[in-house]
>>> print(open('run_35.cif').read())   # mmCIF, C-alpha atoms (C1' of nucleotides)
data_data
#
loop_
_atom_site.label_atom_id
_atom_site.label_comp_id
_atom_site.auth_asym_id
_atom_site.auth_seq_id
_atom_site.Cartn_x
_atom_site.Cartn_y
_atom_site.Cartn_z
CA MET A 1 -18.56 -15.23 -26.73
CA ASN A 2 -17.72 -11.86 -25.24
CA LEU A 3 -13.94 -11.48 -25.37
CA GLY A 4 -14.35 -7.75 -25.33
CA SER A 5 -14.02 -6.07 -21.99
CA LYS A 6 -11.08 -8.05 -20.66
CA LYS A 7 -9.23 -8.01 -23.95
CA GLU A 8 -9.58 -4.26 -24.18
CA ALA A 9 -8.32 -3.92 -20.62
CA PHE A 10 -5.33 -6.05 -21.51
CA LEU A 11 -4.57 -3.92 -24.55
CA GLN A 12 -4.89 -0.68 -22.63
CA THR A 13 -2.55 -1.97 -19.94
CA SER A 14 -0.11 -3.00 -22.64
CA LEU A 15 -0.31 0.42 -24.20
CA GLN A 16 0.30 2.18 -20.92
CA LEU A 17 3.26 -0.02 -20.08
CA ILE A 18 4.81 0.30 -23.51
CA HIS A 19 4.53 4.02 -23.15
CA GLU A 20 6.29 3.90 -19.79
CA LYS A 21 9.10 1.50 -20.64
CA GLY A 22 9.25 1.23 -24.41
CA PHE A 23 8.12 -1.71 -26.51
CA LYS A 24 11.26 -3.80 -26.31
CA ALA A 25 11.69 -3.21 -22.61
CA THR A 26 8.12 -4.19 -21.84
CA THR A 27 7.87 -7.92 -21.33
CA MET A 28 4.81 -10.07 -21.57
CA ARG A 29 5.36 -10.79 -17.90
CA ASP A 30 5.26 -7.08 -17.10
CA ILE A 31 1.87 -6.74 -18.71
CA ALA A 32 0.48 -9.89 -17.13
CA GLU A 33 1.72 -8.81 -13.72
CA ARG A 34 -0.12 -5.51 -13.97
CA MET A 35 -3.22 -7.41 -15.04
CA ASN A 36 -2.81 -9.67 -12.02
CA PHE A 37 -2.66 -12.92 -13.91
CA ASP A 38 -0.09 -15.33 -15.27
CA VAL A 39 1.90 -14.65 -18.44
CA SER A 40 0.42 -17.50 -20.32
CA ASN A 41 -3.07 -16.12 -19.90
CA SER A 42 -2.07 -13.18 -22.07
CA TYR A 43 -2.17 -15.44 -25.07
CA ASN A 44 -5.91 -15.82 -24.65
CA TYR A 45 -6.14 -12.19 -25.78
CA ILE A 46 -3.42 -11.79 -28.36
CA ARG A 47 -1.46 -14.09 -30.61
CA SER A 48 1.91 -12.45 -30.11
CA LYS A 49 3.60 -9.44 -28.61
CA GLN A 50 4.02 -8.00 -32.07
CA ASP A 51 0.26 -8.09 -32.51
CA ILE A 52 -0.17 -5.49 -29.78
CA LEU A 53 2.12 -3.08 -31.56
CA GLU A 54 0.59 -3.70 -34.97
CA LEU A 55 -2.93 -3.29 -33.71
CA PHE A 56 -2.45 0.16 -32.25
CA LEU A 57 -0.12 1.41 -34.93
CA PHE A 58 -2.29 0.59 -37.92
CA ARG A 59 -5.51 1.53 -36.16
CA THR A 60 -4.23 4.98 -35.23
CA SER A 61 -2.53 5.51 -38.55
CA GLU A 62 -5.85 4.92 -40.25
CA GLU A 63 -7.40 7.55 -38.05
CA PHE A 64 -4.90 10.14 -39.23
CA HIS A 65 -5.32 9.15 -42.85
CA HIS A 66 -9.07 9.27 -42.58
CA ALA A 67 -8.90 12.77 -41.21
CA ILE A 68 -6.50 14.15 -43.79
CA ASP A 69 -8.39 12.47 -46.64
CA ASN A 70 -11.62 14.16 -45.68
CA ILE A 71 -9.87 17.49 -45.40
CA LEU A 72 -8.14 17.13 -48.76
CA ASP A 73 -11.43 16.18 -50.37
CA SER A 74 -13.18 19.24 -49.02
CA ASN A 75 -13.71 22.52 -50.86
CA TYR A 76 -11.92 24.68 -48.36
CA ALA A 77 -9.01 26.83 -49.43
CA SER A 78 -5.52 25.50 -48.77
CA ASP A 79 -4.88 27.63 -45.73
CA GLU A 80 -8.11 26.46 -44.16
CA LYS A 81 -7.17 22.87 -45.01
CA LEU A 82 -3.83 23.17 -43.29
CA LYS A 83 -5.52 24.67 -40.29
CA GLN A 84 -7.86 21.72 -40.14
CA VAL A 85 -5.05 19.20 -40.45
CA ILE A 86 -3.32 20.81 -37.51
CA SER A 87 -6.60 20.78 -35.65
CA ALA A 88 -7.06 17.10 -36.41
CA HIS A 89 -3.61 16.30 -35.04
CA ILE A 90 -4.39 18.11 -31.84
CA GLN A 91 -7.68 16.31 -31.46
CA VAL A 92 -6.25 12.86 -32.04
CA ALA A 93 -3.35 13.57 -29.70
CA ALA A 94 -5.80 14.78 -27.06
CA LYS A 95 -8.10 11.82 -27.41
CA LYS A 96 -5.48 9.09 -27.79
CA PRO A 97 -2.17 10.38 -26.46
CA LEU A 98 -0.72 6.94 -25.75
CA GLU A 99 -1.52 5.68 -29.22
CA VAL A 100 0.07 8.75 -30.77
CA ALA A 101 3.13 8.36 -28.56
CA LEU A 102 3.38 4.80 -29.82
CA MET A 103 3.27 6.02 -33.41
CA VAL A 104 6.06 8.46 -32.76
CA ASN A 105 8.32 6.25 -30.69
CA GLU A 106 7.80 2.59 -31.44
CA TRP A 107 7.04 2.05 -35.13
CA ARG A 108 10.64 1.03 -35.74
CA ASN A 109 9.96 -2.13 -33.73
CA LEU A 110 7.58 -3.53 -36.31
CA LYS A 111 8.86 -6.56 -38.15
CA GLU A 112 8.62 -7.36 -41.83
CA PRO A 113 6.35 -7.34 -43.68
CA LYS A 114 4.36 -5.06 -41.37
CA TYR A 115 7.28 -2.70 -41.09
CA SER A 116 7.32 -2.01 -44.80
CA SER A 117 3.58 -1.51 -45.03
CA TYR A 118 3.72 0.91 -42.16
CA VAL A 119 6.55 2.88 -43.69
CA GLU A 120 4.48 3.09 -46.85
CA LEU A 121 1.65 4.59 -44.85
CA ARG A 122 3.98 7.17 -43.39
CA VAL A 123 5.35 8.07 -46.79
CA LEU A 124 1.83 8.30 -48.15
CA TYR A 125 0.85 10.65 -45.37
CA GLU A 126 3.79 12.86 -46.14
CA LYS A 127 2.73 12.92 -49.77
CA LYS A 128 -0.75 14.03 -48.80
CA MET A 129 0.68 16.84 -46.74
CA ALA A 130 3.04 17.78 -49.57
CA LYS A 131 0.11 17.90 -51.96
CA LEU A 132 -1.75 20.24 -49.64
CA LEU A 133 1.21 22.56 -49.46
CA ARG A 134 1.79 22.46 -53.21
CA GLU A 135 -1.81 23.38 -53.88
CA GLY A 136 -1.51 26.22 -51.40
CA VAL A 137 1.50 27.60 -53.20
CA LYS A 138 -0.15 27.25 -56.59
CA SER A 139 -3.31 29.00 -55.41
CA GLY A 140 -1.31 31.86 -53.98
CA LYS A 141 -2.23 31.20 -50.38
CA PHE A 142 1.23 30.01 -49.41
CA LYS A 143 4.55 31.51 -50.40
CA GLU A 144 7.03 29.75 -52.63
CA MET A 145 8.93 27.15 -50.65
CA ASN A 146 10.80 23.88 -50.82
CA ILE A 147 7.89 21.48 -50.41
CA LYS A 148 10.03 18.62 -49.14
CA ILE A 149 11.55 20.70 -46.38
CA ALA A 150 8.28 22.39 -45.48
CA THR A 151 6.48 19.06 -45.26
CA ALA A 152 9.09 17.54 -42.98
CA LEU A 153 9.22 20.63 -40.83
CA ILE A 154 5.49 21.01 -40.36
CA LEU A 155 4.87 17.34 -39.65
CA SER A 156 7.78 17.28 -37.24
CA SER A 157 6.61 20.44 -35.56
CA ILE A 158 3.36 18.78 -34.46
CA ARG A 159 4.87 15.45 -33.46
CA TRP A 160 5.42 16.47 -29.85
CA LEU A 161 1.71 17.16 -29.30
CA TYR A 162 1.04 13.92 -27.43
CA ASP A 163 3.47 15.11 -24.75
CA SER A 164 1.03 17.72 -23.54
CA TYR A 165 -1.52 15.01 -22.91
CA THR A 166 0.60 12.19 -21.49
CA ASP A 167 2.19 14.54 -18.97
CA GLU A 168 -0.47 15.56 -16.50
CA ASN A 169 1.54 18.62 -15.55
CA SER A 170 1.10 20.67 -18.65
CA ALA A 171 -2.50 19.98 -19.72
CA LEU A 172 -2.54 22.66 -22.37
CA ASN A 173 -5.85 23.97 -23.51
CA PRO A 174 -6.60 22.50 -26.97
CA VAL A 175 -8.13 25.75 -28.17
CA GLU A 176 -5.08 27.76 -27.16
CA LEU A 177 -2.83 25.06 -28.57
CA GLU A 178 -4.49 25.29 -31.95
CA ARG A 179 -4.47 29.07 -32.01
CA GLU A 180 -0.78 29.23 -31.14
CA ILE A 181 0.37 26.50 -33.47
CA VAL A 182 -1.61 27.78 -36.41
CA GLY A 183 -0.25 31.22 -35.65
CA LEU A 184 3.34 29.99 -35.70
CA VAL A 185 2.99 27.76 -38.75
CA PHE A 186 1.14 30.42 -40.71
CA ASN A 187 3.03 33.55 -39.72
CA GLY A 188 6.12 32.50 -37.81
CA VAL A 189 7.64 34.14 -34.78
CA LEU A 190 8.65 37.46 -36.27
CA LEU A 191 6.71 40.60 -35.37
CA LYS A 192 5.89 42.66 -38.44
CA HIS A 193 5.77 46.42 -38.31
CA MET B 1 49.05 2.21 -24.65
CA ASN B 2 47.21 3.29 -27.75
CA LEU B 3 43.64 2.07 -27.36
CA GLY B 4 42.44 4.76 -29.72
CA SER B 5 41.97 3.76 -33.30
CA LYS B 6 40.41 0.38 -32.70
CA LYS B 7 38.20 1.61 -29.91
CA GLU B 8 36.94 4.42 -32.08
CA ALA B 9 36.23 1.94 -34.87
CA PHE B 10 34.30 -0.20 -32.45
CA LEU B 11 32.25 2.77 -31.29
CA GLN B 12 31.50 3.92 -34.80
CA THR B 13 30.36 0.44 -35.76
CA SER B 14 28.16 0.36 -32.69
CA LEU B 15 26.69 3.71 -33.58
CA GLN B 16 25.94 2.65 -37.12
CA LEU B 17 24.31 -0.59 -36.00
CA ILE B 18 22.26 1.07 -33.30
CA HIS B 19 21.01 3.48 -35.90
CA GLU B 20 20.02 0.62 -38.17
CA LYS B 21 18.36 -1.65 -35.64
CA GLY B 22 17.76 0.38 -32.51
CA PHE B 23 19.67 0.16 -29.26
CA LYS B 24 17.74 -2.67 -27.66
CA ALA B 25 17.68 -4.70 -30.84
CA THR B 26 21.41 -4.34 -31.37
CA THR B 27 23.27 -7.08 -29.53
CA MET B 28 26.86 -7.11 -28.49
CA ARG B 29 27.23 -10.06 -30.82
CA ASP B 30 25.91 -7.98 -33.71
CA ILE B 31 28.56 -5.37 -33.16
CA ALA B 32 31.35 -7.87 -32.67
CA GLU B 33 30.33 -9.73 -35.80
CA ARG B 34 30.57 -6.59 -37.89
CA MET B 35 33.97 -5.92 -36.34
CA ASN B 36 35.02 -9.46 -37.26
CA PHE B 37 35.93 -10.54 -33.78
CA ASP B 38 34.40 -12.41 -30.89
CA VAL B 39 31.85 -10.86 -28.54
CA SER B 40 34.09 -11.03 -25.54
CA ASN B 41 36.69 -8.89 -27.21
CA SER B 42 34.23 -6.01 -27.18
CA TYR B 43 34.81 -5.68 -23.48
CA ASN B 44 38.37 -4.63 -24.11
CA TYR B 45 36.90 -1.40 -25.51
CA ILE B 46 33.89 -0.71 -23.34
CA ARG B 47 32.74 -1.71 -19.89
CA SER B 48 29.11 -2.31 -20.79
CA LYS B 49 26.57 -1.89 -23.55
CA GLN B 50 25.07 1.02 -21.69
CA ASP B 51 28.42 2.79 -21.85
CA ILE B 52 28.14 3.06 -25.61
CA LEU B 53 24.82 4.83 -25.36
CA GLU B 54 25.92 7.13 -22.57
CA LEU B 55 29.09 8.09 -24.31
CA PHE B 56 27.47 9.33 -27.49
CA LEU B 57 24.44 10.85 -25.82
CA PHE B 58 26.28 13.02 -23.33
CA ARG B 59 29.04 13.90 -25.74
CA THR B 60 26.62 15.13 -28.38
CA SER B 61 24.35 16.82 -25.89
CA GLU B 62 27.31 18.81 -24.70
CA GLU B 63 27.95 19.91 -28.25
CA PHE B 64 24.46 21.33 -28.55
CA HIS B 65 24.68 23.05 -25.19
CA HIS B 66 28.05 24.51 -26.02
CA ALA B 67 26.65 25.96 -29.21
CA ILE B 68 23.53 27.50 -27.70
CA ASP B 69 25.48 28.86 -24.74
CA ASN B 70 27.82 30.76 -26.99
CA ILE B 71 24.93 32.11 -28.98
CA LEU B 72 23.00 33.21 -25.90
CA ASP B 73 26.11 34.93 -24.56
CA SER B 74 26.61 36.90 -27.74
CA ASN B 75 25.44 40.44 -28.40
CA TYR B 76 23.32 39.61 -31.40
CA ALA B 77 19.65 40.51 -31.44
CA SER B 78 17.19 37.74 -30.61
CA ASP B 79 16.17 37.05 -34.20
CA GLU B 80 19.81 36.66 -35.16
CA LYS B 81 20.34 34.37 -32.18
CA LEU B 82 17.46 32.14 -33.20
CA LYS B 83 18.82 32.02 -36.71
CA GLN B 84 22.17 30.91 -35.35
CA VAL B 85 20.65 28.23 -33.16
CA ILE B 86 18.87 26.81 -36.18
CA SER B 87 22.12 27.02 -38.10
CA ALA B 88 23.93 25.20 -35.32
CA HIS B 89 21.38 22.39 -35.38
CA ILE B 90 21.82 21.98 -39.10
CA GLN B 91 25.57 21.91 -38.76
CA VAL B 92 25.64 19.34 -36.00
CA ALA B 93 23.11 17.18 -37.82
CA ALA B 94 25.20 17.41 -40.98
CA LYS B 95 28.44 16.59 -39.22
CA LYS B 96 27.17 13.90 -36.87
CA PRO B 97 23.86 12.57 -38.21
CA LEU B 98 24.11 9.23 -36.45
CA GLU B 99 24.81 10.82 -33.09
CA VAL B 100 21.88 13.16 -33.53
CA ALA B 101 19.63 10.28 -34.55
CA LEU B 102 20.69 8.55 -31.36
CA MET B 103 19.74 11.60 -29.33
CA VAL B 104 16.32 11.70 -30.89
CA ASN B 105 15.52 7.99 -30.82
CA GLU B 106 17.40 6.21 -28.08
CA TRP B 107 17.74 8.40 -25.01
CA ARG B 108 14.84 6.59 -23.37
CA ASN B 109 17.07 3.52 -23.11
CA LEU B 110 19.39 5.14 -20.60
CA LYS B 111 19.21 3.68 -17.13
CA GLU B 112 19.19 5.47 -13.83
CA PRO B 113 20.92 7.54 -12.72
CA LYS B 114 22.12 8.51 -16.19
CA TYR B 115 18.57 8.72 -17.43
CA SER B 116 17.67 11.45 -14.97
CA SER B 117 20.79 13.48 -15.64
CA TYR B 118 20.11 13.30 -19.33
CA VAL B 119 16.50 14.38 -18.93
CA GLU B 120 17.80 17.31 -16.91
CA LEU B 121 20.02 18.28 -19.80
CA ARG B 122 17.09 18.16 -22.17
CA VAL B 123 14.95 20.28 -19.88
CA LEU B 124 17.81 22.71 -19.49
CA TYR B 125 18.15 23.02 -23.24
CA GLU B 126 14.46 23.76 -23.55
CA LYS B 127 14.84 26.45 -20.91
CA LYS B 128 17.66 28.05 -22.86
CA MET B 129 15.52 28.10 -25.98
CA ALA B 130 12.57 29.48 -24.00
CA LYS B 131 14.80 32.22 -22.65
CA LEU B 132 15.87 33.17 -26.15
CA LEU B 133 12.26 33.40 -27.28
CA ARG B 134 11.20 35.37 -24.20
CA GLU B 135 13.94 37.90 -24.80
CA GLY B 136 12.88 38.17 -28.40
CA VAL B 137 9.33 38.95 -27.39
CA LYS B 138 10.43 41.48 -24.80
CA SER B 139 12.74 43.25 -27.25
CA GLY B 140 9.96 43.47 -29.79
CA LYS B 141 11.62 41.22 -32.35
CA PHE B 142 9.15 38.38 -31.85
CA LYS B 143 5.41 38.62 -31.50
CA GLU B 144 3.57 37.76 -28.32
CA MET B 145 3.24 34.01 -27.99
CA ASN B 146 2.91 31.12 -25.57
CA ILE B 147 6.58 30.46 -24.87
CA LYS B 148 6.04 26.86 -23.80
CA ILE B 149 4.22 25.97 -26.99
CA ALA B 150 6.60 27.91 -29.21
CA THR B 151 9.63 26.27 -27.61
CA ALA B 152 8.25 22.77 -28.06
CA LEU B 153 7.19 23.49 -31.61
CA ILE B 154 10.45 25.02 -32.77
CA LEU B 155 12.64 22.36 -31.16
CA SER B 156 10.42 19.65 -32.56
CA SER B 157 10.42 21.23 -35.99
CA ILE B 158 14.18 20.78 -36.30
CA ARG B 159 14.39 17.31 -34.81
CA TRP B 160 14.01 15.58 -38.18
CA LEU B 161 17.13 17.24 -39.57
CA TYR B 162 19.36 14.21 -39.15
CA ASP B 163 17.11 12.36 -41.58
CA SER B 164 18.39 14.38 -44.50
CA TYR B 165 21.90 13.23 -43.70
CA THR B 166 21.41 9.60 -42.79
CA ASP B 167 19.36 8.96 -45.91
CA GLU B 168 21.70 9.24 -48.84
CA ASN B 169 18.76 9.89 -51.16
CA SER B 170 17.84 13.36 -50.06
CA ALA B 171 21.18 15.04 -49.37
CA LEU B 172 19.71 18.49 -48.97
CA ASN B 173 21.95 21.46 -49.38
CA PRO B 174 22.72 22.88 -45.91
CA VAL B 175 22.53 26.42 -47.19
CA GLU B 176 19.13 25.91 -48.75
CA LEU B 177 18.02 24.01 -45.65
CA GLU B 178 18.90 26.92 -43.43
CA ARG B 179 17.29 29.47 -45.70
CA GLU B 180 14.04 27.52 -45.91
CA ILE B 181 13.81 26.63 -42.24
CA VAL B 182 14.62 30.11 -41.04
CA GLY B 183 12.06 31.40 -43.52
CA LEU B 184 9.36 29.13 -42.19
CA VAL B 185 10.14 29.62 -38.51
CA PHE B 186 10.40 33.38 -38.90
CA ASN B 187 7.55 34.09 -41.28
CA GLY B 188 5.48 30.95 -41.63
CA VAL B 189 3.91 29.57 -44.78
CA LEU B 190 1.41 32.30 -45.50
CA LEU B 191 1.98 34.65 -48.42
CA LYS B 192 1.44 38.25 -47.37
CA HIS B 193 0.00 40.79 -49.80
"C1'" DT C 1 65.55 -9.15 -26.87
"C1'" DT C 2 62.49 -8.42 -23.41
"C1'" DC C 3 58.35 -6.98 -21.53
"C1'" DA C 4 54.09 -4.86 -21.16
"C1'" DA C 5 50.20 -3.28 -23.48
"C1'" DA C 6 46.83 -4.21 -27.04
"C1'" DT C 7 44.09 -7.40 -29.21
"C1'" DA C 8 42.03 -11.63 -29.69
"C1'" DT C 9 39.55 -16.42 -28.62
"C1'" DA C 10 37.02 -20.16 -26.19
"C1'" DA C 11 33.95 -21.57 -22.85
"C1'" DA C 12 30.70 -20.83 -19.85
"C1'" DC C 13 27.39 -18.26 -16.72
"C1'" DA C 14 23.01 -16.73 -15.11
"C1'" DT C 15 18.98 -14.38 -16.62
"C1'" DT C 16 15.55 -13.04 -19.37
"C1'" DT C 17 12.14 -13.67 -22.80
"C1'" DG C 18 8.33 -15.05 -26.05
"C1'" DT C 19 5.64 -18.80 -26.56
"C1'" DT C 20 3.31 -23.49 -26.09
"C1'" DG C 21 0.75 -27.38 -24.17
"C1'" DA C 22 -1.81 -29.53 -20.84
"C1'" DT C 23 -5.10 -28.68 -17.63
"C1'" DG C 24 -8.46 -26.60 -14.45
"C1'" DT C 25 -12.55 -23.68 -13.01
"C1'" DA C 26 -16.37 -20.38 -13.24
"C1'" DA C 27 -19.92 -18.57 -15.85
"C1'" DA C 28 -23.04 -18.42 -19.70
"C1'" DA C 29 -25.52 -20.44 -23.41
"C1'" DT C 30 -28.03 -24.49 -25.15
"C1'" DA D 1 -28.20 -30.41 -16.91
"C1'" DT D 2 -24.85 -30.29 -20.14
"C1'" DT D 3 -21.88 -28.23 -23.05
"C1'" DT D 4 -19.42 -24.29 -24.64
"C1'" DT D 5 -16.93 -20.13 -23.84
"C1'" DA D 6 -14.12 -17.18 -21.17
"C1'" DC D 7 -10.54 -16.91 -18.06
"C1'" DA D 8 -6.95 -18.68 -15.47
"C1'" DT D 9 -2.60 -21.56 -13.67
"C1'" DC D 10 1.65 -24.49 -13.89
"C1'" DA D 11 5.51 -26.22 -16.02
"C1'" DA D 12 8.57 -26.09 -19.37
"C1'" DC D 13 10.95 -24.93 -23.80
"C1'" DA D 14 14.44 -23.07 -26.77
"C1'" DA D 15 16.72 -19.19 -27.98
"C1'" DA D 16 18.91 -14.98 -27.01
"C1'" DT D 17 21.69 -11.93 -24.34
"C1'" DG D 18 25.11 -9.22 -21.42
"C1'" DT D 19 28.99 -10.31 -19.14
"C1'" DT D 20 33.10 -12.77 -16.90
"C1'" DT D 21 37.18 -15.65 -16.51
"C1'" DA D 22 41.02 -17.71 -18.11
"C1'" DT D 23 44.17 -17.76 -21.65
"C1'" DA D 24 46.54 -16.93 -25.93
"C1'" DT D 25 48.74 -14.09 -29.66
"C1'" DT D 26 50.47 -9.92 -31.61
"C1'" DT D 27 52.88 -5.67 -31.40
"C1'" DG D 28 55.36 -1.66 -30.18
"C1'" DA D 29 58.53 0.37 -26.78
"C1'" DA D 30 62.44 -0.22 -23.43
#
>>> encode(input="run_35.cif", output="structure tokens")
Amino acid sequence: MNLGSKKEAFLQTSLQLIHEKGFKATTMRDIAERMNFDVSNSYNYIRSKQDILELFLFRTSEEFHHAIDNILDSNYASDEKLKQVISAHIQVAAKKPLEVALMVNEWRNLKEPKYSSYVELRVLYEKKMAKLLREGVKSGKFKEMNIKIATALILSSIRWLYDSYTDENSALNPVELEREIVGLVFNGVLLKH
Amino acid sequence: MNLGSKKEAFLQTSLQLIHEKGFKATTMRDIAERMNFDVSNSYNYIRSKQDILELFLFRTSEEFHHAIDNILDSNYASDEKLKQVISAHIQVAAKKPLEVALMVNEWRNLKEPKYSSYVELRVLYEKKMAKLLREGVKSGKFKEMNIKIATALILSSIRWLYDSYTDENSALNPVELEREIVGLVFNGVLLKH
DNA sequence: TTCAAATATAAACATTTGTTGATGTAAAAT
DNA sequence: ATTTTACATCAACAAATGTTTATATTTGAA
């Protein structure tokens, strides 16, 4: 009654392959081939191809929600909260780049009813970010702005982060990453004199 | 020897469907069904399914390159150039939201050798943006920053734009959009006192 | 009217794909 | 020693899918 090590290996191989070829383009046979066993054996580890996608997507989504919830619940000021959310994104992207890539690129391949629940989670996350920004404006930390636009822009601006960890080439320093991104989000590109 | 109106209708239907379901999930039969004719008739308008993707992707990419090239060639200062690039993105996204959505979501489905040429175009576009930022730093308009990170962040931050035009719900005012985005990219969220 | 181009259908094709069922073997637990 | 449990194969399936070939109808230009 183990079903742990080999299953996890299967899932990691799936994840890697889906990242390389996309979810639809990755066949069960592709995964099995890389695992060096027959297709049918795959179904000793998962119930369906969709399961693979759902597993990673909801698991990683929860990780992001958990992080932002803790930050929102804290007593830090809004600017510090935003900084920490950005930091959390960098950390998750650094630790689980393939999972984050999946979240960015493959969530549209979920089927109902999972698709709808996942979209809800995304919308909820946006609302949490919007709340953070709204509080920041109210408290005088952030300037007046269109919250909807700012939310979309900030979330979008950190969506590429996984790139710097899936590509070996770049390998950006997380500390520098955070400093630069926080700098840009907080103060923009313009030099003040 | 017309082959214009109907072909264009076929392509637009394809585009719409690909946006709804994704490229892989959209079958030739899906498109034909929505056009109210048999699958085989589709091949009077295109040579292959891949052709549809290639057509829109390269056509729209060219539009973006054309815009940024003109801006880079101009005599405006760097901050004004960046403003105009952002403006161009908003305009293209407003005019051709489905094409832009395709660029964001489906380019991975290109096959070699088109895939490689397209990736080259993307890399080239990033280089043009990086050049703009580097000039801005050198001329003292922009602050010192990691160009690689700033390029990725800014391009990513405007990638969601098509959303506000494919969703009917939002329908953001392009003028307000530009004002807000330029405000955030230039000065960030922080209120200065 | 004639003729070619545009537009359409029907039938079939070769693959690919997710999944199942029956079955076998090696290892671990009882 | 025996029975589970984990891990694996083989064969086959039904459905889906991109594409081709042959053929027909409609339409606009000569």
>>> closest_residue(input="run_35.cif", among="B:Ile149, B:Ile52, B:Ala101, B:Leu82", to="Phe186 (chain B)", atoms="all atoms listed in the file")
B:Leu82
>>> interface_residues(input="run_35.cif", of="chain C", to="chain A", cutoff="10 Å", atoms="all atoms listed in the file", output="list in words")
DT16, DT17, DG18, DT19, DT20, DA28 and DA29 of chain C
>>> resolve_selection(input="run_35.cif", expression="the PyMOL selection byres ((chain D) within 10 of (chain B))", output="compact mmCIF listing (two decimals) with C-alpha atoms (C1' of nucleotides), in the frame of the given file")
# COMPACT_ATOMS: atom_id res chain seq x y z
C1' DA D 16 18.91 -14.98 -27.01
C1' DT D 17 21.69 -11.93 -24.34
C1' DG D 18 25.11 -9.22 -21.42
C1' DT D 19 28.99 -10.31 -19.14
C1' DT D 20 33.10 -12.77 -16.90
C1' DG D 28 55.36 -1.66 -30.18
C1' DA D 29 58.53 0.37 -26.78
>>> resolve_selection(input="run_35.cif", expression="the PyMOL selection byres ((chain B) within 6 of (chain A))", output="number ranges by chain")
B: 141-143, 153, 156-157, 185-191
>>> residues_around(input="run_35.cif", residues="DT9 (chain D)", least_positions_apart="6", cutoff="9 Å", atoms="all atoms listed in the file", output="list in words")
Phe37, Asp38, Ser40 and Asn41 of chain A; DT23 and DG24 of chain C
>>> resolve_selection(input="run_35.cif", expression="the PyMOL selection byres ((chain D and resi 25) around 10)", output="short mmCIF file (atom, residue, chain, number, x, y, z; two decimals) with C-alpha atoms (C1' of nucleotides), keeping the file's coordinate frame")
data_model
loop_
_atom_site.label_atom_id
_atom_site.label_comp_id
_atom_site.auth_asym_id
_atom_site.auth_seq_id
_atom_site.Cartn_x
_atom_site.Cartn_y
_atom_site.Cartn_z
"C1'" DT C 7 44.09 -7.40 -29.21
"C1'" DA C 8 42.03 -11.63 -29.69
"C1'" DT C 9 39.55 -16.42 -28.62
"C1'" DT D 23 44.17 -17.76 -21.65
"C1'" DA D 24 46.54 -16.93 -25.93
"C1'" DT D 26 50.47 -9.92 -31.61
"C1'" DT D 27 52.88 -5.67 -31.40
#
>>> residues_around(input="run_35.cif", residues="region 70-73 of chain B", least_positions_apart="3", cutoff="8 Å", atoms="all atoms listed in the file", output="list in words")
His66, Ala67, Lys81, Gln84, Val85 and Leu132 of chain B
>>> atom_distance(input="run_35.cif", atom1="CA of Phe56 (chain A)", atom2="CA of Val175 (chain A)")
26.5 Å
>>> atom_distance(input="run_35.cif", atom1="CA of Lys111 (chain A)", atom2="CA of Lys111 (chain B)")
25.6 Å
>>> residues_around(input="run_35.cif", residues="DC7 (chain D)", least_positions_apart="5", cutoff="9 Å", atoms="all atoms listed in the file", output="list in words")
Asn41 and Asn44 of chain A; DT25 and DA26 of chain C
>>> axis_aligned_box(input="run_35.cif", around="region 74-83 of chain B", padding_each_side="8 Å", output="AutoDock Vina command-line options")
--center_x 21.4 --center_y 36.3 --center_z -32.2 --size_x 26.4 --size_y 24.5 --size_z 25.0
>>> atom_distance(input="run_35.cif", atom1="CA of His89 (chain A)", atom2="CA of Ser139 (chain A)")
24.0 Å
>>> decode(input="run_35.cif", residues="region 94-114 of chain A", atoms="C-alpha atoms", output="compact mmCIF listing (two decimals), in the first residue's frame")
# COMPACT_ATOMS: atom_id res chain seq x y z
CA ALA A 94 10.73 29.68 -8.22
CA LYS A 95 9.72 26.59 -6.31
CA LYS A 96 7.14 25.23 -8.74
CA PRO A 97 7.73 26.78 -12.15
CA LEU A 98 6.04 23.99 -14.10
CA GLU A 99 2.93 24.13 -11.97
CA VAL A 100 2.73 27.88 -12.39
CA ALA A 101 3.24 27.56 -16.13
CA LEU A 102 0.34 25.13 -16.15
CA MET A 103 -1.83 27.64 -14.33
CA VAL A 104 -1.03 30.31 -16.85
CA ASN A 105 -1.28 28.24 -20.01
CA GLU A 106 -3.57 25.27 -19.57
CA TRP A 107 -6.50 26.13 -17.31
CA ARG A 108 -8.72 26.61 -20.35
CA ASN A 109 -8.52 22.86 -20.94
CA LEU A 110 -10.46 22.03 -17.82
CA LYS A 111 -13.90 20.61 -18.44
CA GLU A 112 -17.13 21.39 -16.66
CA PRO A 113 -17.82 21.49 -13.82
CA LYS A 114 -14.15 21.86 -12.85
